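Novice: I'm passing along entry.cif; it holds mmCIF, C-alpha atoms.
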data_start
loop_
_atom_site.label_atom_id
_atom_site.label_comp_id
_atom_site.auth_asym_id
_atom_site.auth_seq_id
_atom_site.Cartn_x
_atom_site.Cartn_y
_atom_site.Cartn_z
CA MET A 1 -2.48 -38.14 59.60
CA GLN A 2 -1.82 -36.69 56.22
CA SER A 3 -3.73 -34.94 53.55
CA THR A 4 -2.53 -33.13 50.51
CA ILE A 5 -3.51 -29.78 49.21
CA ARG A 6 -2.00 -27.72 46.48
CA CYS A 7 -0.59 -24.48 47.79
CA ILE A 8 -1.76 -21.27 46.26
CA SER A 9 0.75 -19.36 44.20
CA THR A 10 0.75 -15.58 44.02
CA GLY A 11 3.64 -14.43 41.95
CA THR A 12 4.41 -11.96 44.71
CA ARG A 13 6.47 -12.40 47.88
CA ASP A 14 7.89 -15.86 48.39
CA TRP A 15 4.90 -18.13 48.31
CA THR A 16 5.73 -21.48 46.78
CA PRO A 17 3.37 -23.44 44.56
CA GLU A 18 4.61 -26.96 45.31
CA THR A 19 2.31 -29.62 46.59
CA GLN A 20 2.25 -29.50 50.37
CA LEU A 21 2.27 -32.45 52.72
CA VAL A 22 0.57 -31.91 56.03
CA HIS A 23 2.16 -33.44 59.09
CA SER A 24 -0.22 -32.47 61.83
CA GLU A 25 1.81 -34.36 64.39
CA HIS A 26 4.50 -31.68 64.01
CA MET A 27 2.45 -29.18 65.97
CA PRO A 28 3.46 -29.63 69.59
CA PRO A 29 1.21 -26.90 71.08
CA LEU A 30 -1.77 -28.57 69.48
CA ARG A 31 -0.75 -32.13 70.22
CA ASN A 32 -2.90 -32.50 73.30
CA TRP A 33 -5.94 -31.26 71.59
CA LEU A 34 -5.28 -33.37 68.50
CA ALA A 35 -5.16 -36.49 70.61
CA LEU A 36 -8.59 -35.70 71.99
CA SER A 37 -10.12 -34.96 68.62
CA VAL A 38 -8.73 -37.91 66.71
CA ILE A 39 -12.17 -39.47 66.30
CA ALA A 40 -13.61 -36.30 64.85
CA LEU A 41 -10.59 -35.99 62.58
CA ALA A 42 -10.89 -39.49 61.19
CA SER A 43 -14.24 -38.80 59.57
CA ALA A 44 -13.22 -35.32 58.46
CA LEU A 45 -10.04 -36.59 56.83
CA SER A 46 -11.79 -39.31 54.91
CA ALA A 47 -14.28 -36.76 53.64
CA PHE A 48 -11.52 -34.53 52.36
CA ALA A 49 -9.10 -37.18 51.16
CA ASP A 50 -9.84 -36.42 47.52
CA GLU A 51 -9.56 -32.69 47.92
CA GLN A 52 -7.49 -31.16 45.12
CA PRO A 53 -8.33 -27.47 44.90
CA ALA A 54 -7.23 -25.61 41.83
CA ALA A 55 -4.73 -22.79 42.06
CA ASN A 56 -6.42 -19.47 42.61
CA THR A 57 -5.71 -15.97 41.44
CA GLN A 58 -5.96 -12.77 43.42
CA ALA A 59 -9.45 -11.75 44.46
CA ALA A 60 -11.09 -8.96 46.42
CA GLU A 61 -14.59 -8.38 47.61
CA SER A 62 -16.63 -5.86 45.64
CA THR A 63 -18.43 -4.46 48.68
CA PRO A 64 -16.63 -2.70 51.52
CA LEU A 65 -17.48 -3.47 55.12
CA SER A 66 -20.30 -1.41 56.57
CA ALA A 67 -19.72 0.89 59.53
CA ASP A 68 -21.72 -1.55 61.65
CA GLU A 69 -19.61 -4.52 60.59
CA MET A 70 -16.43 -2.67 61.58
CA LYS A 71 -17.93 -1.43 64.83
CA ASN A 72 -19.13 -4.89 65.80
CA ALA A 73 -16.01 -6.72 64.66
CA ALA A 74 -14.85 -9.23 67.24
CA SER A 75 -11.54 -8.55 68.98
CA VAL A 76 -10.02 -11.47 70.84
CA ASP A 77 -6.66 -11.68 72.59
CA SER A 78 -5.72 -14.88 70.79
CA LEU A 79 -6.07 -13.40 67.29
CA THR A 80 -6.18 -9.63 67.61
CA ILE A 81 -2.97 -9.19 69.64
CA PRO A 82 0.02 -10.47 67.69
CA THR A 83 2.56 -12.51 69.63
CA PRO A 84 6.05 -11.06 70.19
CA GLY A 85 7.28 -13.89 67.94
CA GLU A 86 5.14 -12.61 65.08
CA PHE A 87 6.58 -9.13 65.54
CA PHE A 88 10.13 -10.57 65.55
CA VAL A 89 9.56 -12.66 62.41
CA ALA A 90 8.60 -9.46 60.61
CA ILE A 91 11.83 -7.68 61.48
CA GLU A 92 13.97 -10.63 60.41
CA LYS A 93 12.94 -10.16 56.79
CA GLU A 94 15.78 -7.74 56.10
CA GLY A 95 18.46 -9.96 57.64
CA LYS A 96 19.31 -11.58 60.95
CA PRO A 97 19.39 -8.89 63.66
CA ASN A 98 21.77 -9.02 66.60
CA TRP A 99 19.18 -10.45 68.97
CA SER A 100 21.53 -10.94 71.90
CA SER A 101 22.10 -7.16 71.99
CA GLN A 102 18.55 -6.91 73.31
CA TYR A 103 19.07 -9.11 76.35
CA ARG A 104 18.50 -7.36 79.67
CA PRO A 105 19.61 -8.05 83.22
CA PRO A 106 17.44 -10.56 85.13
CA VAL A 107 14.22 -8.99 86.38
CA SER A 108 13.11 -8.96 89.99
CA ILE A 109 10.86 -11.91 90.69
CA ASN A 110 10.36 -11.05 94.35
CA SER A 111 7.32 -8.83 93.91
CA THR A 112 4.09 -9.83 95.59
CA ASP A 113 2.02 -7.39 93.53
CA ARG A 114 -0.05 -9.65 91.25
CA ALA A 115 -0.46 -6.95 88.59
CA GLN A 116 3.30 -6.48 88.42
CA ILE A 117 3.87 -10.23 88.33
CA ALA A 118 1.45 -10.60 85.39
CA LEU A 119 3.07 -7.73 83.49
CA ASN A 120 6.49 -9.20 84.20
CA LEU A 121 5.37 -12.60 82.99
CA GLY A 122 4.43 -11.03 79.65
CA THR A 123 7.82 -9.34 79.30
CA LEU A 124 9.62 -12.56 80.22
CA ILE A 125 7.75 -14.57 77.61
CA ALA A 126 8.88 -11.96 75.07
CA ASP A 127 12.43 -12.47 76.40
CA GLY A 128 11.99 -16.16 75.65
CA TYR A 129 11.24 -15.36 72.01
CA ILE A 130 14.38 -13.18 71.86
CA ALA A 131 16.52 -16.01 73.19
CA VAL A 132 14.98 -18.39 70.65
CA GLU A 133 15.65 -15.95 67.81
CA ALA A 134 19.23 -15.62 69.08
CA HIS A 135 19.48 -19.46 69.13
CA ASP A 136 20.74 -19.23 72.71
CA GLY A 137 19.72 -22.39 74.54
CA GLN A 138 21.10 -21.35 77.92
CA GLN A 139 19.26 -18.05 77.82
CA VAL A 140 16.03 -19.87 76.89
CA LYS A 141 16.45 -22.07 79.97
CA ASN A 142 17.23 -19.06 82.20
CA VAL A 143 14.12 -17.24 81.04
CA GLY A 144 12.09 -20.45 81.40
CA LYS A 145 13.07 -20.68 85.07
CA ASP A 146 11.97 -17.10 85.73
CA VAL A 147 8.69 -17.68 83.87
CA LEU A 148 8.02 -20.70 86.05
CA ALA A 149 8.84 -18.76 89.24
CA LEU A 150 6.39 -16.02 88.33
CA ALA A 151 3.74 -18.50 87.17
CA LYS A 152 3.98 -20.14 90.59
CA LYS A 153 3.22 -16.83 92.26
CA LEU A 154 0.08 -16.50 90.16
CA SER A 155 -0.89 -20.11 90.95
CA VAL A 156 -0.61 -21.16 87.32
CA SER A 157 2.66 -23.06 87.57
CA GLN A 158 1.08 -26.48 86.97
CA SER A 159 0.18 -25.52 83.42
CA VAL A 160 3.65 -24.09 82.79
CA LEU A 161 5.59 -26.91 84.42
CA ALA A 162 5.12 -29.45 81.64
CA ARG A 163 5.83 -26.79 79.03
CA SER A 164 8.99 -25.64 80.78
CA GLU A 165 10.32 -29.19 80.71
CA SER A 166 9.82 -29.48 76.98
CA ILE A 167 11.22 -25.98 76.51
CA ALA A 168 14.41 -27.07 78.30
CA GLN A 169 14.53 -30.21 76.17
CA PHE A 170 14.04 -28.34 72.90
CA ALA A 171 16.69 -25.80 73.96
CA GLU A 172 19.08 -28.66 74.68
CA ASN A 173 18.48 -30.05 71.19
CA ASN A 174 18.55 -26.70 69.38
CA GLN A 175 15.00 -27.21 68.09
CA TRP A 176 14.24 -23.55 67.55
CA ASP A 177 10.99 -23.84 65.58
CA GLN A 178 9.53 -26.14 68.22
CA LEU A 179 10.69 -23.71 70.91
CA ASN A 180 8.83 -20.90 69.24
CA GLU A 181 5.67 -22.99 69.26
CA GLU A 182 6.19 -24.02 72.89
CA LEU A 183 6.60 -20.39 73.96
CA GLU A 184 3.36 -19.44 72.29
CA ALA A 185 1.67 -22.45 73.85
CA THR A 186 3.11 -21.49 77.26
CA GLN A 187 1.67 -18.01 76.96
CA ASN A 188 -1.72 -19.47 76.04
CA GLU A 189 -1.57 -22.03 78.88
CA VAL A 190 -0.84 -19.23 81.35
CA LYS A 191 -3.77 -17.21 80.05
CA LYS A 192 -6.06 -20.25 80.10
CA ALA A 193 -5.04 -21.10 83.66
CA LEU A 194 -5.62 -17.48 84.74
CA GLU A 195 -9.06 -17.69 83.15
CA GLU A 196 -9.82 -20.92 85.00
CA ASN A 197 -8.65 -19.29 88.25
CA ARG A 198 -11.01 -16.39 87.59
CA ASP A 199 -8.02 -14.09 87.13
CA THR A 200 -9.07 -12.96 83.66
CA ASP A 201 -8.01 -9.38 84.39
CA LEU A 202 -4.41 -10.46 84.71
CA ILE A 203 -4.52 -11.88 81.16
CA THR A 204 -4.68 -8.32 79.83
CA LEU A 205 -1.55 -7.45 81.79
CA VAL A 206 0.36 -10.46 80.44
CA SER A 207 -0.52 -9.34 76.89
CA VAL A 208 0.42 -5.71 77.61
CA GLY A 209 3.74 -6.73 79.16
CA GLY A 210 4.61 -8.85 76.14
CA TRP A 211 3.73 -6.12 73.70
CA ILE A 212 5.73 -3.44 75.54
CA ARG A 213 8.85 -5.61 75.73
CA GLY A 214 8.40 -6.63 72.08
CA THR A 215 8.21 -2.97 71.09
CA GLU A 216 11.31 -2.15 73.12
CA VAL A 217 13.23 -4.94 71.42
CA VAL A 218 12.17 -4.15 67.85
CA THR A 219 12.88 -0.42 68.31
CA GLY A 220 16.17 -1.31 70.01
CA LEU A 221 17.23 -3.30 66.96
CA LEU A 222 16.20 -0.39 64.74
CA VAL A 223 18.16 2.11 66.83
CA GLU A 224 21.21 -0.11 66.31
CA ASN A 225 20.62 -0.62 62.62
CA TYR A 226 17.97 1.67 61.14
CA ASP A 227 15.96 0.38 58.21
CA ALA A 228 13.04 2.34 56.78
CA GLU A 229 11.05 -0.77 55.79
CA ASP A 230 11.36 -2.22 59.29
CA ALA A 231 10.45 1.12 60.86
CA LYS A 232 7.04 0.84 59.18
CA LEU A 233 6.33 -2.17 61.39
CA LEU A 234 5.89 0.20 64.31
CA ARG A 235 2.55 1.46 63.00
CA GLN A 236 0.06 -0.13 65.39
CA PRO A 237 -2.61 2.41 66.37
CA ALA A 238 -5.48 -0.06 66.59
CA LEU A 239 -3.48 -2.52 68.64
CA VAL A 240 -2.57 0.07 71.28
CA SER A 241 -6.11 1.34 71.27
CA PHE A 242 -7.33 -2.24 71.91
CA LEU A 243 -4.84 -2.71 74.75
CA LYS A 244 -5.87 0.64 76.24
CA SER A 245 -9.53 -0.34 76.16
CA LYS A 246 -8.65 -3.57 77.96
CA LEU A 247 -6.69 -1.64 80.60
CA ALA A 248 -9.59 0.76 81.05
CA ALA A 249 -11.92 -2.19 81.62
CA LEU A 250 -9.83 -3.60 84.48
CA PRO A 251 -11.47 -3.61 87.91
CA ASP A 252 -10.87 -0.60 90.14
CA LYS A 253 -8.59 -2.54 92.44
CA ILE A 254 -6.13 -3.28 89.65
CA GLN A 255 -6.52 0.16 88.09
CA LYS A 256 -5.49 1.73 91.41
CA ASP A 257 -2.24 -0.24 91.39
CA PRO A 258 0.45 2.48 91.04
CA LEU A 259 2.27 0.53 88.33
CA VAL A 260 -0.92 0.03 86.30
CA GLN A 261 -1.83 3.71 86.75
CA ASN A 262 1.58 4.73 85.47
CA LEU A 263 1.35 2.25 82.62
CA SER A 264 -2.04 3.58 81.54
CA ARG A 265 -0.63 7.13 81.53
CA GLU A 266 2.50 6.31 79.60
CA ILE A 267 0.77 4.12 77.06
CA ASP A 268 -1.06 7.27 75.89
CA GLY A 269 2.28 8.70 74.82
CA ILE A 270 3.25 5.45 73.13
CA GLN A 271 -0.07 5.38 71.29
CA LYS A 272 0.74 8.75 69.70
CA MET A 273 4.14 7.45 68.60
CA VAL A 274 2.72 4.38 66.82
CA SER A 275 -0.30 6.16 65.32
CA PHE A 276 1.20 7.58 62.15
CA PRO A 277 -0.29 7.63 58.63
CA VAL A 278 0.25 4.66 56.32
CA ASP A 279 2.62 6.65 54.08
CA HIS A 280 4.78 7.93 56.94
CA VAL A 281 8.10 6.26 57.71
CA PRO A 282 9.26 6.83 61.30
CA THR A 283 12.59 8.66 61.39
CA PRO A 284 15.55 7.34 63.41
CA ASP A 285 14.76 9.94 66.08
CA GLU A 286 11.13 8.86 66.28
CA VAL A 287 12.22 5.23 66.62
CA LYS A 288 14.64 6.22 69.37
CA ASN A 289 11.94 8.08 71.29
CA LEU A 290 9.65 5.08 71.10
CA ASN A 291 12.48 2.83 72.26
CA LEU A 292 13.11 5.10 75.26
CA ALA A 293 9.41 5.16 76.17
CA ALA A 294 8.98 1.37 75.87
CA GLY A 295 12.29 0.75 77.65
CA LYS A 296 11.28 3.00 80.55
CA LEU A 297 8.06 1.05 81.00
CA THR A 298 9.82 -2.31 80.78
CA LYS A 299 12.21 -1.18 83.53
CA GLU A 300 9.36 -0.07 85.73
CA ILE A 301 7.60 -3.38 85.23
CA GLY A 302 10.75 -5.38 85.93
CA GLY A 303 11.97 -3.26 88.82
CA PRO A 304 11.48 -3.95 92.49
CA GLU A 305 7.98 -3.33 93.77
CA MET B 1 -30.15 -23.42 103.90
CA THR B 2 -27.02 -25.57 103.71
CA ARG B 3 -28.62 -27.64 100.94
CA PHE B 4 -29.50 -24.47 99.06
CA ILE B 5 -25.91 -23.18 99.28
CA LEU B 6 -24.54 -26.54 98.17
CA THR B 7 -26.94 -26.59 95.22
CA ILE B 8 -25.85 -23.11 94.16
CA PHE B 9 -22.20 -24.14 94.59
CA ALA B 10 -22.71 -27.27 92.47
CA ALA B 11 -24.50 -25.26 89.79
CA CYS B 12 -21.61 -22.78 89.72
CA LEU B 13 -19.12 -25.60 89.34
CA ILE B 14 -21.05 -27.10 86.44
CA ALA B 15 -21.41 -23.70 84.79
CA THR B 16 -17.68 -23.10 85.22
CA SER B 17 -16.71 -26.42 83.69
CA LEU B 18 -19.14 -25.91 80.80
CA SER B 19 -17.81 -22.45 80.07
CA PHE B 20 -14.27 -23.83 79.61
CA ALA B 21 -15.31 -26.88 77.58
CA ASP B 22 -15.40 -26.83 73.81
CA THR B 23 -18.53 -28.12 72.16
CA ASP B 24 -18.36 -31.01 69.69
CA ALA B 25 -19.06 -28.57 66.87
CA GLN B 26 -16.12 -26.41 67.97
CA VAL B 27 -13.80 -29.40 68.20
CA THR B 28 -14.78 -30.55 64.70
CA ALA B 29 -14.48 -27.05 63.22
CA ARG B 30 -11.10 -26.45 64.82
CA SER B 31 -9.81 -29.84 63.78
CA ASP B 32 -10.70 -29.13 60.18
CA ALA B 33 -9.39 -25.55 60.21
CA ILE B 34 -6.06 -26.78 61.57
CA ASP B 35 -5.91 -29.50 58.95
CA LEU B 36 -6.41 -26.86 56.27
CA ALA B 37 -3.83 -24.49 57.79
CA GLY B 38 -1.43 -27.41 58.09
CA ALA B 39 -1.16 -27.40 54.32
CA PHE B 40 0.84 -24.19 54.55
CA GLN B 41 3.23 -25.39 57.25
CA ASN B 42 5.69 -26.99 54.87
CA ASP B 43 5.87 -23.65 53.14
CA GLY B 44 7.24 -22.16 56.34
CA PHE B 45 3.98 -20.84 57.78
CA LYS B 46 3.61 -21.12 61.55
CA ILE B 47 0.13 -21.72 62.89
CA ARG B 48 -0.74 -19.27 65.62
CA ASP B 49 -1.96 -21.09 68.72
CA GLY B 50 -5.19 -19.13 68.95
CA ASP B 51 -8.64 -19.34 67.48
CA TYR B 52 -12.01 -17.68 67.14
CA PHE B 53 -15.34 -19.49 67.07
CA GLY B 54 -18.52 -18.07 65.63
CA GLN B 55 -22.02 -19.25 64.87
CA LEU B 56 -23.47 -18.52 61.43
CA ASP B 57 -26.67 -19.09 59.54
CA LYS B 58 -26.86 -19.06 55.74
CA GLY B 59 -26.09 -15.60 54.39
CA GLN B 60 -24.62 -14.40 57.67
CA ALA B 61 -21.05 -13.29 58.30
CA LYS B 62 -18.78 -12.53 61.25
CA VAL B 63 -15.94 -10.02 61.17
CA VAL B 64 -12.79 -10.35 63.30
CA SER B 65 -10.16 -7.63 63.72
CA VAL B 66 -6.48 -8.56 63.46
CA ASN B 67 -3.25 -6.58 63.63
CA LEU B 68 -0.78 -7.53 60.92
CA TYR B 69 2.82 -6.64 60.13
CA SER B 70 4.00 -5.49 56.73
CA GLY B 71 6.44 -7.93 55.19
CA ASN B 72 4.83 -10.93 56.86
CA ALA B 73 2.65 -13.29 54.84
CA TYR B 74 -0.57 -14.60 56.37
CA TRP B 75 -3.11 -17.32 55.72
CA PHE B 76 -6.48 -17.05 57.45
CA SER B 77 -8.11 -20.48 57.50
CA ALA B 78 -11.64 -21.29 58.58
CA SER B 79 -13.91 -24.29 58.58
CA THR B 80 -17.20 -25.52 59.96
CA GLY B 81 -16.20 -29.15 59.43
CA GLN B 82 -19.70 -29.82 58.07
CA LYS B 83 -19.63 -31.28 54.57
CA SER B 84 -22.77 -29.53 53.36
CA ASP B 85 -21.59 -26.04 54.33
CA LYS B 86 -19.92 -23.51 52.08
CA LEU B 87 -17.72 -20.97 53.82
CA LYS B 88 -15.90 -17.92 52.50
CA VAL B 89 -13.05 -15.88 53.99
CA SER B 90 -12.20 -12.36 52.79
CA ILE B 91 -9.98 -9.51 54.00
CA PHE B 92 -10.47 -5.75 54.40
CA ASP B 93 -8.22 -2.88 55.45
CA ASP B 94 -8.71 -0.62 58.47
CA THR B 95 -11.20 1.57 56.58
CA GLY B 96 -13.29 -1.45 55.59
CA LYS B 97 -12.07 -1.32 51.99
CA PRO B 98 -11.59 -4.75 50.36
CA VAL B 99 -7.97 -5.75 49.81
CA SER B 100 -6.60 -8.15 47.25
CA TYR B 101 -6.06 -11.62 48.66
CA LEU B 102 -5.59 -15.22 47.54
CA PRO B 103 -8.84 -17.10 47.96
CA TYR B 104 -9.30 -20.77 48.68
CA GLN B 105 -12.77 -22.23 48.97
CA ASN B 106 -13.84 -25.84 49.19
CA GLY B 107 -17.16 -26.50 50.88
CA PRO B 108 -16.86 -25.99 54.63
CA ARG B 109 -13.20 -25.02 54.29
CA ALA B 110 -12.07 -21.59 53.18
CA ALA B 111 -8.88 -19.56 53.44
CA ALA B 112 -7.47 -16.22 52.40
CA GLY B 113 -3.77 -15.54 51.79
CA PHE B 114 -2.56 -12.00 52.31
CA SER B 115 0.68 -10.07 52.56
CA PRO B 116 0.06 -6.53 53.87
CA ASP B 117 2.00 -3.60 52.47
CA SER B 118 1.46 -1.63 55.64
CA SER B 119 1.31 -2.69 59.27
CA GLY B 120 -1.86 -2.13 61.22
CA LEU B 121 -5.48 -3.14 61.57
CA TYR B 122 -7.25 -5.42 59.11
CA TYR B 123 -10.60 -7.17 59.17
CA VAL B 124 -11.20 -10.81 58.33
CA LYS B 125 -14.75 -11.67 57.27
CA VAL B 126 -16.07 -15.22 57.45
CA ALA B 127 -19.36 -15.78 55.63
CA LEU B 128 -21.56 -18.86 55.41
CA GLU B 129 -22.81 -19.10 51.82
CA GLU B 130 -24.46 -22.53 52.18
CA GLY B 131 -25.60 -24.40 55.26
CA GLN B 132 -27.38 -23.43 58.42
CA ASN B 133 -26.62 -22.77 62.04
CA SER B 134 -22.99 -23.77 61.75
CA THR B 135 -20.11 -23.22 64.13
CA PHE B 136 -16.93 -22.12 62.41
CA CYS B 137 -13.38 -21.85 63.66
CA LEU B 138 -10.98 -19.20 62.36
CA ILE B 139 -7.23 -19.52 62.83
CA TYR B 140 -4.25 -17.97 61.10
CA SER B 141 -0.72 -18.79 60.17
CA TYR B 142 2.16 -16.49 59.29
CA LYS B 143 5.72 -16.35 58.06
#
Rewrite the structure from the file as structure tokens, please.

Specialist:
Amino acid sequence: MQSTIRCISTGTRDWTPETQLVHSEHMPPLRNWLALSVIALASALSAFADEQPAANTQAAESTPLSADEMKNAASVDSLTIPTPGEFFVAIEKEGKPNWSSQYRPPVSINSTDRAQIALNLGTLIADGYIAVEAHDGQQVKNVGKDVLALAKKLSVSQSVLARSESIAQFAENNQWDQLNEELEATQNEVKKALEENRDTDLITLVSVGGWIRGTEVVTGLLVENYDAEDAKLLRQPALVSFLKSKLAALPDKIQKDPLVQNLSREIDGIQKMVSFPVDHVPTPDEVKNLNLAAGKLTKEIGGPE
Amino acid sequence: MTRFILTIFAACLIATSLSFADTDAQVTARSDAIDLAGAFQNDGFKIRDGDYFGQLDKGQAKVVSVNLYSGNAYWFSASTGQKSDKLKVSIFDDTGKPVSYLPYQNGPRAAAGFSPDSSGLYYVKVALEEGQNSTFCLIYSYK
């Protein structure tokens, strides 16, 4: 399954203009779906076999978005909330951070509080990304076991089981790129299974847990080795606002959960810390405060019920 | 009464299964969007395992909000998978102001390459310039 397309060159960043070969079979998280859509693909591929788009130059629309367009813009978990892996890729631009310094002691997986389990699952998936970035196969497997244990408690272990096997295999073979993809696929499988089980509210908590742990890790790396460019990554007002709106929309039963109540309170403080103007660079002290706030929440999520 | 309850139960089951199933149009659109995004994979771009589907008529557009990180490079790829369609993808900042991006447009396939200078909210607009009542799929890749 191959098609060729000339990549667009910018002259900025590190885009490369060489001809690109597409190997769709190298996309493990999408493999299942690809198998099902092979018939549809066959006709599509033949239609586009001769495609040779010319290189493009920079462009921009002449008309701004209207207030209505912005107000009615769709926000979906799977595109609007970046994965922890995406956050971590951004911070690696300035050099390889000491990822293993951000490991934490194993979290309690004995809780029976479903909200806490979902939040914990999110933080653990973020831990998986850290272990992958650190190229630490054993840690990936350890985290994978905990993810599976928590998934079982939420009755979504079947969807994670197959993934956890391939995660262990990829970790064994040091296939880090594939591991990254498997982790993202695992997170999506968990969310899909929760949706199928009519536990859609818990999906929000998985996302929130992942974001909080991701923020703790990135700020932790910055506390260790401050870099002004990387500190700018922490500007995420709209993202926190989106997460807050999702928390506010949770059913009363979940909102009354003491951990969720605390989380909703503390996320207000975090929102202020990540809502700075575009031209502001967070100082080392501001980064440290954000790290303490995110770390405190991660501990509460991971602590005993 | 029992028959009534069973009928309602069966209807719920069917509705549930339908709500989780992708339509043929979605499968085709996603297949084609992934094929397009795959072109950037050898350049180090990772395809995010997430998507957004929308329905458009000629002249209509859908806007999706995304949160991006400065320093990362992104490609937003969309397709309807229908040969006669013409799709366009463009990018705007958090105030709705157009930003400079790398366009790619070829019939039902369109993409926009962008590297934000500042982290935060951006809007991706997908517009159907030719065609009618088409389902599109939007995905993105990053590095």

Novice: With all atoms listed in the file as the atoms that count, which of B:Asp57, B:Asp22, B:Asp32, B:Glu129 lies nearest to chain A?

Specialist: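 Closest candidate: B:Asp32.
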
Novice: Given all atoms listed in the file as the basis, pick out the residue of B:Phe114, B:Phe76, B:Phe136, B:Tyr69 nearest to chain A.

Specialist: B:Tyr69

Novice: Just need the residues of chain A within 6 Å of chain B, counting all atoms listed in the file, so spit them out as number ranges by chain.

Specialist: A: 20, 22, 40, 58-61, 64-65, 73-75, 78, 80, 90, 233, 235-236, 238

Novice: CA of Leu124 in chain A and CA of Asn110 in chain A are how many Å apart?

Specialist: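 Separating CA of Leu124 in chain A from CA of Asn110 in chain A is a distance of 14.2 Å.
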
Novice: Work out how far apart CA of Ala294 in chain A and CA of Pro84 in chain A are and give it in Å to one decimal.

Specialist: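 Answer for the CA of Ala294 in chain A to CA of Pro84 in chain A separation: 14.0 Å.
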
Novice: Residues at most 12 Å from Ala248 in chain A, counting all atoms listed in the file, excluding those fewer than 4 positions away in the same chain, as a count of residues only?

Specialist: 19

Novice: Go through B:Ala127, B:Leu87, B:Ala111, B:Cys137 and flag the residue nearest Tyr74 in chain B, using only C-alpha atoms for the distances.

Specialist: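 Using only C-alpha atoms, Tyr74 in chain B sits closest to B:Ala111.
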
Novice: Taking 2 positions as the minimum chain separation for residues in the same chain, which residues sit within 12 Å of Lys152 in chain A when counting all atoms listed in the file? Answer as a VMD selection string.

Specialist: chain A and resid 109 to 110 112 114 117 to 118 121 145 to 150 154 to 161 190 193 to 194

Novice: Env of Pro237 in chain A: 6 Å cut, atoms = all atoms listed in the file, seq-sep filter 3 positions within chain, self excluded. Answer as a list of chain:residue names.

Specialist: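 The contact residues come out as A:Val240, A:Val274, A:Ser275.
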
Novice: Return the single residue from A:Asp136, A:Gly220, A:Thr283, A:Leu290 that is closest to Glu266 in chain A, with distances computed using all atoms listed in the file.

Specialist: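 Of A:Asp136, A:Gly220, A:Thr283, A:Leu290, the one nearest Glu266 in chain A is A:Leu290, counting all atoms listed in the file.
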
Novice: Grab the CA of Phe87 in chain A to CA of Glu189 in chain A distance for me, in Å with one decimal place.

Specialist: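 Atom-to-atom, CA of Phe87 in chain A and CA of Glu189 in chain A are spaced 20.3 Å apart.
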
Novice: Apply the PyMOL selection byres ((chain A and resi 208) around 9) to the structure shown and report the selected residues as a PyMOL selection string.

Specialist: chain A and resi 119+122-123+203-207+209-213+243+247
